Amino acid sequence: METVANVLVGLVAALHVYILVLEMFLWEKKPGRGLHGLDAQMARATAPLAANQGLYNGFLAAGLVWGLVAADPTGHDAQIFFLCCVVIAGVYGSVTANRRILFAQALPGALALAAVLLAG
């Protein structure tokens, strides 16, 4: 179960690196605009906000990677903490921004969290 948990945590970390790239570097390009259906003018106007969001996603990814490489109990505790942050951010985002965030962010985070808790 520990291997499954580590793979899921790694996938959630990779997802957040992907979100970082979309929001920080590709927001005004087709992949970034397509994420939320923005036209070029709106993407340009919201780029600083998206970059800030992207940075936070990077911090989540860094925390999850730290949890994977740090010795236990620190690594295990870091995984739990950062996965809880991912789930909370996903739920909040789904309520305040876009319902899809619940499935794209909160659900993978919750599955990884459950696996980490089960692996003990």
# chains A, B, ... in the order shown; residues from 1 in each chain; ligands from 1

call {"tool": "residues_around", "arguments": {"residues": "A:Asp39", "least_positions_apart": "5", "cutoff": "12 Å", "atoms": "only C-alpha atoms", "output": "PyMOL selection string"}}
result
chain A and resi 27-34+44-47

call {"tool": "write_last_selection", "arguments": {"atoms": "N, CA and C atoms", "output": "PDB file, in the first residue's frame"}}
result
ATOM      1  N   TRP A  27      -0.584  31.084 -19.326  1.00  0.00           N
ATOM      2  CA  TRP A  27      -1.905  31.665 -19.085  1.00  0.00           C
ATOM      3  C   TRP A  27      -2.429  32.439 -20.290  1.00  0.00           C
ATOM      4  N   GLU A  28      -1.553  33.187 -20.949  1.00  0.00           N
ATOM      5  CA  GLU A  28      -1.989  34.009 -22.074  1.00  0.00           C
ATOM      6  C   GLU A  28      -1.903  33.270 -23.410  1.00  0.00           C
ATOM      7  N   LYS A  29      -1.428  32.044 -23.376  1.00  0.00           N
ATOM      8  CA  LYS A  29      -1.358  31.226 -24.590  1.00  0.00           C
ATOM      9  C   LYS A  29      -2.566  30.285 -24.623  1.00  0.00           C
ATOM     10  N   LYS A  30      -2.729  29.592 -25.729  1.00  0.00           N
ATOM     11  CA  LYS A  30      -3.916  28.756 -25.928  1.00  0.00           C
ATOM     12  C   LYS A  30      -4.164  27.754 -24.785  1.00  0.00           C
ATOM     13  N   PRO A  31      -3.162  27.001 -24.317  1.00  0.00           N
ATOM     14  CA  PRO A  31      -3.450  26.032 -23.238  1.00  0.00           C
ATOM     15  C   PRO A  31      -3.964  26.702 -21.959  1.00  0.00           C
ATOM     16  N   GLY A  32      -3.378  27.833 -21.599  1.00  0.00           N
ATOM     17  CA  GLY A  32      -3.821  28.540 -20.397  1.00  0.00           C
ATOM     18  C   GLY A  32      -5.191  29.158 -20.553  1.00  0.00           C
ATOM     19  N   ARG A  33      -5.424  29.798 -21.690  1.00  0.00           N
ATOM     20  CA  ARG A  33      -6.742  30.413 -21.925  1.00  0.00           C
ATOM     21  C   ARG A  33      -7.832  29.356 -21.982  1.00  0.00           C
ATOM     22  N   GLY A  34      -7.514  28.203 -22.562  1.00  0.00           N
ATOM     23  CA  GLY A  34      -8.499  27.142 -22.677  1.00  0.00           C
ATOM     24  C   GLY A  34      -8.900  26.547 -21.336  1.00  0.00           C
ATOM     25  N   ARG A  44      -4.879  38.400 -20.444  1.00  0.00           N
ATOM     26  CA  ARG A  44      -3.861  39.416 -20.171  1.00  0.00           C
ATOM     27  C   ARG A  44      -4.175  40.149 -18.870  1.00  0.00           C
ATOM     28  N   ALA A  45      -5.443  40.488 -18.667  1.00  0.00           N
ATOM     29  CA  ALA A  45      -5.841  41.230 -17.475  1.00  0.00           C
ATOM     30  C   ALA A  45      -5.701  40.405 -16.196  1.00  0.00           C
ATOM     31  N   THR A  46      -5.885  39.099 -16.312  1.00  0.00           N
ATOM     32  CA  THR A  46      -5.842  38.249 -15.114  1.00  0.00           C
ATOM     33  C   THR A  46      -4.520  37.508 -14.943  1.00  0.00           C
ATOM     34  N   ALA A  47      -3.564  37.733 -15.838  1.00  0.00           N
ATOM     35  CA  ALA A  47      -2.287  37.012 -15.781  1.00  0.00           C
ATOM     36  C   ALA A  47      -1.566  37.152 -14.441  1.00  0.00           C
TER      37      ALA A  47
END

call {"tool": "residues_around", "arguments": {"residues": "stretch 80-89 of chain A", "least_positions_apart": "2", "cutoff": "8 Å", "atoms": "only C-alpha atoms", "output": "list in words"}}
result
Leu60, Gly63, Leu64, His76, Asp77, Ala78, Val91, Tyr92, Gly93, Gln105, Ala106, Leu107, Gly109, Ala110, Ala112, Leu113, Val116 and Leu117 of chain A

call {"tool": "residues_around", "arguments": {"residues": "A:Ala115", "least_positions_apart": "5", "cutoff": "12 Å", "atoms": "only C-alpha atoms", "output": "count of residues only"}}
result
17

call {"tool": "residues_around", "arguments": {"residues": "A:Gly54", "least_positions_apart": "2", "cutoff": "8 Å", "atoms": "only C-alpha atoms", "output": "ChimeraX atom specification"}}
result
/A:19-24,50-52,56-58

call {"tool": "select_by_dssp", "arguments": {"residues": "chain A", "states": "alpha helix (DSSP H)", "output": "PyMOL selection string"}}
result
chain A and resi 2-24+30-36+40-69+74-96+100-101+107-119

call {"tool": "atom_distance", "arguments": {"atom1": "atom CA of A:Thr74", "atom2": "atom CA of A:Ala119"}}
result
14.8 Å

call {"tool": "atom_distance", "arguments": {"atom1": "atom CA of A:Ala114", "atom2": "atom CA of A:Val12"}}
result
12.8 Å
